[in-house]
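Here the structure is laid out as structure tokens; the discussion comes afterwards.
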Amino acid sequence: MGGETQAYGDGSTAVGALPGPLVSTDWLAARLGAPGLLVLDASVVAPGQVPDAAGGAHRGSGRRIEGARIFDIDGALSDHTVPVPHTMPDAARFAEEMRALGLNDADTVVVYDTVGIYSSARAWWMLRAMGFDRAAVLDGGLPAWTAAGLPVTEGAPEPAAGRGDFTARPRPGLLVGAGEVAEALADPEAAVLDARTRGRFEGTEPEPRAGLRGGHMPGAVSLPFGRLQDEGRMRAPDELRAAFAGAAGDRGRLYFSCGSGVTACVLALGAELAGYRDLTVYDGSWSEWGLPSADPADRPVATGPAPG
């Protein structure tokens with residue numbers, strides 16, 4: 001039965017089946033330290049903030065769940081050869097970083113961040129895009145963990161005991177570029193949903209990354225990622241279905257965008273929980289589409305109110 005654990009003679013436990021792409025603090029606390037469970041802190045630096053001593057403004061003061069290792073979206077787990085932040089590294093680089101974290105193909109992963117559910121969903125989606133399905137997001141993240149009175153540690157994380165044997169098996173279509181998104185905008189069966197705030201979508205708030213054009217893709221629909229959450233936790237599936245139906249209507253092919261491909265993955269998580277299955281994340285998101293050097297004919301920008 002999913003969610004059960006198996007006891008060993010030394011008192012340790014093996015992780016049972018994940019209950020879905022989202023797990024509770026109780027679920028994780030009951031299995032923390034079990035063989036085959038890897039906990040990853042996927043916190044990132046907020047746009048416009050300076051990394052702190054812990055490695056990121058979203059990482060608190062080095063606090064983390066015991067045994068957690070750093071899934072560094074700002075660092076090694078982004079492709080720094082392109083001028084757009086947080087883009088997916090190639091399969092070989094991703095596999096190398098996962099092996100260095102000690103991830104094995106047979107393991108189970110729980111990812112969290114120090115905001116609630118912000119960048120943890122990005123790590124979950126990246127693992128899925130590389131063919132790894134035994135991963136889930138901790139509902140409420142580190143704030144929910146500490147609110148439940150569960151212990152945290154401080155200081156540098158311990159290195160992995162050994163290299164893992166993770167194998168990258170890329171899945172085309174889970175992360176796409178501007179060309180595929182332009183096609184989706186013209187497809188009546190698809191909806192492009194923008195996870196940024198309404199003000200950024202309409203162009204009435206400045207972009208946190210300097211130099212980007214303000215506004216949205218013509219034809220995109222505003223669905224700020226915060227609308228899918230209640231105090232850092234994902235809303236119930238029926239509420240999520242209502243939110244997506246309000247934004248996408250009866251369109252079942254969903255594309256997600258945001259500032260840099262991070263909170264777009266919160267929409268992907270919400271859509272998965274709501275029962276949608278044909279899901280795609282625009283990897284470069286507005287950091288690519290909104291570049292001032294972009295050809296307006298290829299990447300047009302609209303401002304002002306729009307449906308959603």
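Ordered as shown in the structure tokens, chains take letters A, B, and onward, while each chain numbers its residues from 1 and ligands are numbered from 1 in the order shown.
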Inset, instruction - Considering only C-alpha atoms, return as a PyMOL selection string whatever protein or nucleic-acid residues lie within 12 Å of Ala191 (chain A), sequence-local ones (same chain, fewer than 6 positions apart) excluded. - result: chain A and resi 181-185+217-223+244-257+278-281+307-308
For those residues, write C-alpha atoms to a file as a PDB file, in the first residue's frame.
ATOM      1  CA  VAL A 181       5.611  28.670 -27.041  1.00  0.00           C
ATOM      2  CA  ALA A 182       4.907  30.899 -30.060  1.00  0.00           C
ATOM      3  CA  GLU A 183       3.255  27.912 -31.730  1.00  0.00           C
ATOM      4  CA  ALA A 184       1.214  27.201 -28.593  1.00  0.00           C
ATOM      5  CA  LEU A 185      -0.037  30.796 -28.524  1.00  0.00           C
ATOM      6  CA  MET A 217       2.886  37.471 -24.599  1.00  0.00           C
ATOM      7  CA  PRO A 218      -0.201  38.306 -26.677  1.00  0.00           C
ATOM      8  CA  GLY A 219      -2.648  35.481 -26.084  1.00  0.00           C
ATOM      9  CA  ALA A 220      -1.193  34.395 -22.755  1.00  0.00           C
ATOM     10  CA  VAL A 221      -3.397  34.260 -19.645  1.00  0.00           C
ATOM     11  CA  SER A 222      -2.489  35.504 -16.182  1.00  0.00           C
ATOM     12  CA  LEU A 223      -2.532  32.910 -13.395  1.00  0.00           C
ATOM     13  CA  PHE A 244      -7.172  26.231 -14.100  1.00  0.00           C
ATOM     14  CA  ALA A 245     -10.635  25.985 -15.626  1.00  0.00           C
ATOM     15  CA  GLY A 246     -11.086  29.705 -15.035  1.00  0.00           C
ATOM     16  CA  ALA A 247      -7.808  30.457 -16.791  1.00  0.00           C
ATOM     17  CA  ALA A 248      -7.670  27.833 -19.530  1.00  0.00           C
ATOM     18  CA  GLY A 249     -11.323  27.008 -20.116  1.00  0.00           C
ATOM     19  CA  ASP A 250     -11.651  23.564 -21.663  1.00  0.00           C
ATOM     20  CA  ARG A 251      -8.153  23.571 -23.165  1.00  0.00           C
ATOM     21  CA  GLY A 252      -6.192  20.585 -21.896  1.00  0.00           C
ATOM     22  CA  ARG A 253      -2.749  21.337 -23.352  1.00  0.00           C
ATOM     23  CA  LEU A 254      -1.125  23.725 -20.906  1.00  0.00           C
ATOM     24  CA  TYR A 255       2.107  25.716 -21.236  1.00  0.00           C
ATOM     25  CA  PHE A 256       3.539  27.581 -18.254  1.00  0.00           C
ATOM     26  CA  SER A 257       5.748  30.662 -18.128  1.00  0.00           C
ATOM     27  CA  ASP A 278      -0.336  17.457 -21.088  1.00  0.00           C
ATOM     28  CA  LEU A 279       1.977  19.966 -19.420  1.00  0.00           C
ATOM     29  CA  THR A 280       4.955  21.980 -20.635  1.00  0.00           C
ATOM     30  CA  VAL A 281       7.204  24.612 -19.020  1.00  0.00           C
ATOM     31  CA  PRO A 307      -8.242  37.579 -19.667  1.00  0.00           C
ATOM     32  CA  GLY A 308      -7.394  35.381 -16.700  1.00  0.00           C
TER      33      GLY A 308
END
Inset, instruction - One decimal, Å: what's the distance from CA of Gly215 (chain A) over to CA of Ala178 (chain A), could you say? - result: 15.9 Å
Which region 140-254 of chain A residues have any atom within 9 Å of an atom of region 22-31 of chain A, and for each, what is the nearest pair of atoms with distance in Å to one decimal, counting only C-alpha atoms, rows sorted by chain and number, as JSON lines?
{"residue": "A:Gly140", "atom": "CA", "partner": "A:Ser24", "partner_atom": "CA", "distance": 8.0}
{"residue": "A:Gly141", "atom": "CA", "partner": "A:Thr25", "partner_atom": "CA", "distance": 8.2}
{"residue": "A:Ala144", "atom": "CA", "partner": "A:Thr25", "partner_atom": "CA", "distance": 7.1}
{"residue": "A:Trp145", "atom": "CA", "partner": "A:Thr25", "partner_atom": "CA", "distance": 5.9}
{"residue": "A:Ala148", "atom": "CA", "partner": "A:Thr25", "partner_atom": "CA", "distance": 7.7}
{"residue": "A:Leu150", "atom": "CA", "partner": "A:Ala29", "partner_atom": "CA", "distance": 7.7}
{"residue": "A:Met234", "atom": "CA", "partner": "A:Leu22", "partner_atom": "CA", "distance": 8.7}
Inset, instruction - Would you list the contacts of Pro157 (chain A) as a ChimeraX atom specification, taking every protein, DNA or RNA residue within 12 Å and counting only C-alpha atoms, but skipping same-chain residues closer than 6 positions in sequence? - result: /A:39-41,54-55,62-71,101
Inset, instruction - Mind checking which residues fall within 6 Å of region 103-115 of chain A, counting only C-alpha atoms, ignoring those fewer than 4 positions away in the same chain, and posting them as a list in words? - result: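 Counting only C-alpha atoms, the residues come to Gly36, Leu37, Leu38, Val39, Leu40, Asp41, Ala42, Ser43, His58, Arg59, Met98, Arg99, Ser120, Arg134, Ala135, Ala136, Val137, Leu138, Gly141, Leu142, Gly164, Asp165 and Phe166 of chain A.
Between CA of Pro305 (chain A) and CA of Arg213 (chain A) lies a distance of 16.1 Å.
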Inset, instruction - Using only C-alpha atoms, pick whichever of A:Gly261, A:Gly116, A:Pro206, A:Pro300 has the shortest atom-to-atom distance to Arg233 (chain A). - result: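 For Arg233 (chain A), the nearest of the candidates is A:Gly116.
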Inset, instruction - Quick one: pull the distance between CA of Leu32 (chain A) and CA of Trp124 (chain A), Å, one decimal. - result: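 According to the coordinates, CA of Leu32 (chain A) and CA of Trp124 (chain A) are separated by 18.3 Å.
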Legend entry - Backbone DSSP call of alpha helix (DSSP H) for region 90-157 of chain A, listed as a PyMOL selection string: chain A and resi 91-100+120-129+141-147
With N, CA, C and O atoms retained, write the just-selected residues as an mmCIF file, in the first residue's frame.
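Done, and the output landed in out_15.cif:
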data_model
loop_
_atom_site.group_PDB
_atom_site.id
_atom_site.type_symbol
_atom_site.label_atom_id
_atom_site.label_comp_id
_atom_site.auth_asym_id
_atom_site.auth_seq_id
_atom_site.Cartn_x
_atom_site.Cartn_y
_atom_site.Cartn_z
ATOM 1 N N ALA A 91 21.886 17.031 -20.355
ATOM 2 C CA ALA A 91 21.662 15.777 -19.633
ATOM 3 C C ALA A 91 22.922 15.289 -18.936
ATOM 4 O O ALA A 91 22.866 14.798 -17.796
ATOM 5 N N ALA A 92 24.066 15.406 -19.596
ATOM 6 C CA ALA A 92 25.307 14.921 -18.991
ATOM 7 C C ALA A 92 25.657 15.713 -17.740
ATOM 8 O O ALA A 92 26.056 15.133 -16.713
ATOM 9 N N ARG A 93 25.504 17.034 -17.814
ATOM 10 C CA ARG A 93 25.806 17.867 -16.645
ATOM 11 C C ARG A 93 24.818 17.587 -15.511
ATOM 12 O O ARG A 93 25.200 17.489 -14.336
ATOM 13 N N PHE A 94 23.552 17.468 -15.844
ATOM 14 C CA PHE A 94 22.546 17.195 -14.825
ATOM 15 C C PHE A 94 22.835 15.856 -14.145
ATOM 16 O O PHE A 94 22.778 15.750 -12.916
ATOM 17 N N ALA A 95 23.132 14.839 -14.937
ATOM 18 C CA ALA A 95 23.417 13.522 -14.362
ATOM 19 C C ALA A 95 24.627 13.580 -13.445
ATOM 20 O O ALA A 95 24.628 12.981 -12.353
ATOM 21 N N GLU A 96 25.656 14.297 -13.843
ATOM 22 C CA GLU A 96 26.852 14.412 -13.012
ATOM 23 C C GLU A 96 26.539 15.063 -11.672
ATOM 24 O O GLU A 96 27.002 14.609 -10.619
ATOM 25 N N GLU A 97 25.736 16.137 -11.692
ATOM 26 C CA GLU A 97 25.395 16.819 -10.448
ATOM 27 C C GLU A 97 24.532 15.933 -9.548
ATOM 28 O O GLU A 97 24.701 15.930 -8.325
ATOM 29 N N MET A 98 23.612 15.177 -10.129
ATOM 30 C CA MET A 98 22.768 14.289 -9.331
ATOM 31 C C MET A 98 23.592 13.155 -8.718
ATOM 32 O O MET A 98 23.376 12.779 -7.555
ATOM 33 N N ARG A 99 24.520 12.623 -9.469
ATOM 34 C CA ARG A 99 25.384 11.569 -8.921
ATOM 35 C C ARG A 99 26.236 12.110 -7.781
ATOM 36 O O ARG A 99 26.457 11.421 -6.778
ATOM 37 N N ALA A 100 26.713 13.350 -7.940
ATOM 38 C CA ALA A 100 27.516 13.958 -6.875
ATOM 39 C C ALA A 100 26.702 14.156 -5.599
ATOM 40 O O ALA A 100 27.253 14.124 -4.487
ATOM 41 N N SER A 120 11.100 24.784 -5.132
ATOM 42 C CA SER A 120 11.115 23.325 -4.991
ATOM 43 C C SER A 120 10.398 22.661 -6.160
ATOM 44 O O SER A 120 10.798 21.584 -6.623
ATOM 45 N N ALA A 121 9.333 23.295 -6.640
ATOM 46 C CA ALA A 121 8.613 22.724 -7.780
ATOM 47 C C ALA A 121 9.499 22.696 -9.022
ATOM 48 O O ALA A 121 9.356 21.801 -9.869
ATOM 49 N N ARG A 122 10.398 23.654 -9.157
ATOM 50 C CA ARG A 122 11.326 23.658 -10.292
ATOM 51 C C ARG A 122 12.226 22.424 -10.235
ATOM 52 O O ARG A 122 12.444 21.763 -11.258
ATOM 53 N N ALA A 123 12.761 22.094 -9.065
ATOM 54 C CA ALA A 123 13.607 20.907 -8.941
ATOM 55 C C ALA A 123 12.819 19.647 -9.279
ATOM 56 O O ALA A 123 13.321 18.748 -9.972
ATOM 57 N N TRP A 124 11.595 19.568 -8.784
ATOM 58 C CA TRP A 124 10.720 18.426 -9.088
ATOM 59 C C TRP A 124 10.515 18.286 -10.593
ATOM 60 O O TRP A 124 10.609 17.183 -11.140
ATOM 61 N N TRP A 125 10.251 19.393 -11.276
ATOM 62 C CA TRP A 125 10.004 19.343 -12.712
ATOM 63 C C TRP A 125 11.278 18.995 -13.483
ATOM 64 O O TRP A 125 11.229 18.255 -14.483
ATOM 65 N N MET A 126 12.419 19.502 -13.041
ATOM 66 C CA MET A 126 13.686 19.172 -13.702
ATOM 67 C C MET A 126 13.971 17.677 -13.606
ATOM 68 O O MET A 126 14.397 17.050 -14.588
ATOM 69 N N LEU A 127 13.756 17.104 -12.440
ATOM 70 C CA LEU A 127 13.951 15.660 -12.286
ATOM 71 C C LEU A 127 13.006 14.896 -13.213
ATOM 72 O O LEU A 127 13.406 13.936 -13.878
ATOM 73 N N ARG A 128 11.761 15.324 -13.267
ATOM 74 C CA ARG A 128 10.795 14.674 -14.150
ATOM 75 C C ARG A 128 11.227 14.816 -15.604
ATOM 76 O O ARG A 128 11.118 13.866 -16.389
ATOM 77 N N ALA A 129 11.696 15.992 -16.005
ATOM 78 C CA ALA A 129 12.134 16.211 -17.375
ATOM 79 C C ALA A 129 13.315 15.336 -17.744
ATOM 80 O O ALA A 129 13.534 15.035 -18.924
ATOM 81 N N GLY A 141 6.946 23.471 2.523
ATOM 82 C CA GLY A 141 8.380 23.652 2.630
ATOM 83 C C GLY A 141 8.902 23.756 4.046
ATOM 84 O O GLY A 141 8.299 23.255 5.005
ATOM 85 N N LEU A 142 10.042 24.448 4.187
ATOM 86 C CA LEU A 142 10.668 24.576 5.503
ATOM 87 C C LEU A 142 9.780 25.325 6.499
ATOM 88 O O LEU A 142 9.761 24.966 7.684
ATOM 89 N N PRO A 143 8.997 26.355 6.101
ATOM 90 C CA PRO A 143 8.116 27.000 7.080
ATOM 91 C C PRO A 143 7.120 26.022 7.711
ATOM 92 O O PRO A 143 6.871 26.074 8.917
ATOM 93 N N ALA A 144 6.546 25.128 6.909
ATOM 94 C CA ALA A 144 5.605 24.146 7.461
ATOM 95 C C ALA A 144 6.323 23.153 8.356
ATOM 96 O O ALA A 144 5.788 22.718 9.386
ATOM 97 N N TRP A 145 7.537 22.791 7.979
ATOM 98 C CA TRP A 145 8.339 21.851 8.768
ATOM 99 C C TRP A 145 8.631 22.421 10.154
ATOM 100 O O TRP A 145 8.442 21.758 11.182
ATOM 101 N N THR A 146 9.083 23.662 10.193
ATOM 102 C CA THR A 146 9.406 24.270 11.482
ATOM 103 C C THR A 146 8.149 24.583 12.287
ATOM 104 O O THR A 146 8.144 24.475 13.517
ATOM 105 N N ALA A 147 7.053 24.959 11.600
ATOM 106 C CA ALA A 147 5.802 25.231 12.306
ATOM 107 C C ALA A 147 5.269 23.983 12.989
ATOM 108 O O ALA A 147 4.573 24.068 14.012
#
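The smallest atom-to-atom distance between Glu231 (chain A) and any of A:Glu205, A:Ala264, A:Tyr118, A:Val152, using only C-alpha atoms, is found for A:Tyr118.
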Inset, instruction - Show which residues sit within 10 Å of Glu272 (chain A), as a ChimeraX atom specification. Count only C-alpha atoms, and ignore same-chain residues fewer than 3 positions away. - result: /A:20-22,237,240-241,266-269,275-279
Write out, as a compact mmCIF listing (two decimals), in the first residue's frame, the residues just selected, with C-alpha atoms.
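Saved as again_26.txt:
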# COMPACT_ATOMS: atom_id res chain seq x y z
CA GLY A 20 1.76 11.67 -5.31
CA PRO A 21 3.82 14.69 -6.39
CA LEU A 22 3.17 16.36 -3.02
CA PRO A 237 -7.44 19.55 -5.97
CA LEU A 240 -6.91 23.91 -8.27
CA ARG A 241 -9.19 22.53 -10.98
CA VAL A 266 4.44 25.70 -9.39
CA LEU A 267 1.70 25.95 -12.02
CA ALA A 268 2.87 22.61 -13.45
CA LEU A 269 2.64 21.06 -9.98
CA GLY A 275 -5.56 16.10 -12.98
CA TYR A 276 -4.04 17.68 -16.10
CA ARG A 277 -1.42 15.61 -17.90
CA ASP A 278 -0.34 17.46 -21.09
CA LEU A 279 1.98 19.97 -19.42
Inset, instruction - Step one, run DSSP on the backbone; step two, keep only residues of region 53-218 of chain A assigned to strand (DSSP E or B); then write them as a PyMOL selection string. - result: chain A and resi 64-65+69-70+108-112+135-138+152-153+175-176+190-194+216
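In this comparison, which uses only C-alpha atoms, the residue of A:Gly131, A:Gly102, A:Gly232, A:Gly149 approaching Leu174 (chain A) most closely is A:Gly131.
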As a PDB file with N, CA and C atoms, in the first residue's frame, please: the residues near Leu212 (chain A) (cut-off 9 Å, only C-alpha atoms, same-chain neighbours under 5 positions excluded).
ATOM      1  N   PRO A 206       7.373  47.017 -12.436  1.00  0.00           N
ATOM      2  CA  PRO A 206       8.649  46.767 -13.113  1.00  0.00           C
ATOM      3  C   PRO A 206       9.095  45.322 -12.960  1.00  0.00           C
ATOM      4  N   GLU A 207       9.813  44.846 -13.932  1.00  0.00           N
ATOM      5  CA  GLU A 207      10.413  43.524 -13.845  1.00  0.00           C
ATOM      6  C   GLU A 207      11.579  43.560 -12.852  1.00  0.00           C
ATOM      7  N   TRP A 286       9.961  34.675 -19.153  1.00  0.00           N
ATOM      8  CA  TRP A 286      10.017  36.092 -19.520  1.00  0.00           C
ATOM      9  C   TRP A 286      11.443  36.621 -19.587  1.00  0.00           C
ATOM     10  N   SER A 287      12.385  35.969 -18.902  1.00  0.00           N
ATOM     11  CA  SER A 287      13.778  36.404 -18.983  1.00  0.00           C
ATOM     12  C   SER A 287      14.320  36.275 -20.397  1.00  0.00           C
ATOM     13  N   GLU A 288      13.742  35.378 -21.179  1.00  0.00           N
ATOM     14  CA  GLU A 288      14.108  35.250 -22.585  1.00  0.00           C
ATOM     15  C   GLU A 288      13.171  36.047 -23.478  1.00  0.00           C
ATOM     16  N   TRP A 289      11.857  35.835 -23.318  1.00  0.00           N
ATOM     17  CA  TRP A 289      10.885  36.494 -24.192  1.00  0.00           C
ATOM     18  C   TRP A 289      10.977  38.018 -24.074  1.00  0.00           C
ATOM     19  N   GLY A 290      11.204  38.508 -22.871  1.00  0.00           N
ATOM     20  CA  GLY A 290      11.196  39.939 -22.639  1.00  0.00           C
ATOM     21  C   GLY A 290      12.514  40.653 -22.870  1.00  0.00           C
ATOM     22  N   LEU A 291      13.527  39.954 -23.379  1.00  0.00           N
ATOM     23  CA  LEU A 291      14.810  40.605 -23.642  1.00  0.00           C
ATOM     24  C   LEU A 291      14.633  41.776 -24.613  1.00  0.00           C
ATOM     25  N   PRO A 292      15.280  42.903 -24.330  1.00  0.00           N
ATOM     26  CA  PRO A 292      15.134  44.049 -25.237  1.00  0.00           C
ATOM     27  C   PRO A 292      15.697  43.778 -26.622  1.00  0.00           C
TER      28      PRO A 292
END
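In terms of minimum interatomic distance to Gly16 (chain A), A:Pro35 ranks closest within A:Pro35, A:Gly179, A:Thr197, A:Thr167, counting only C-alpha atoms.
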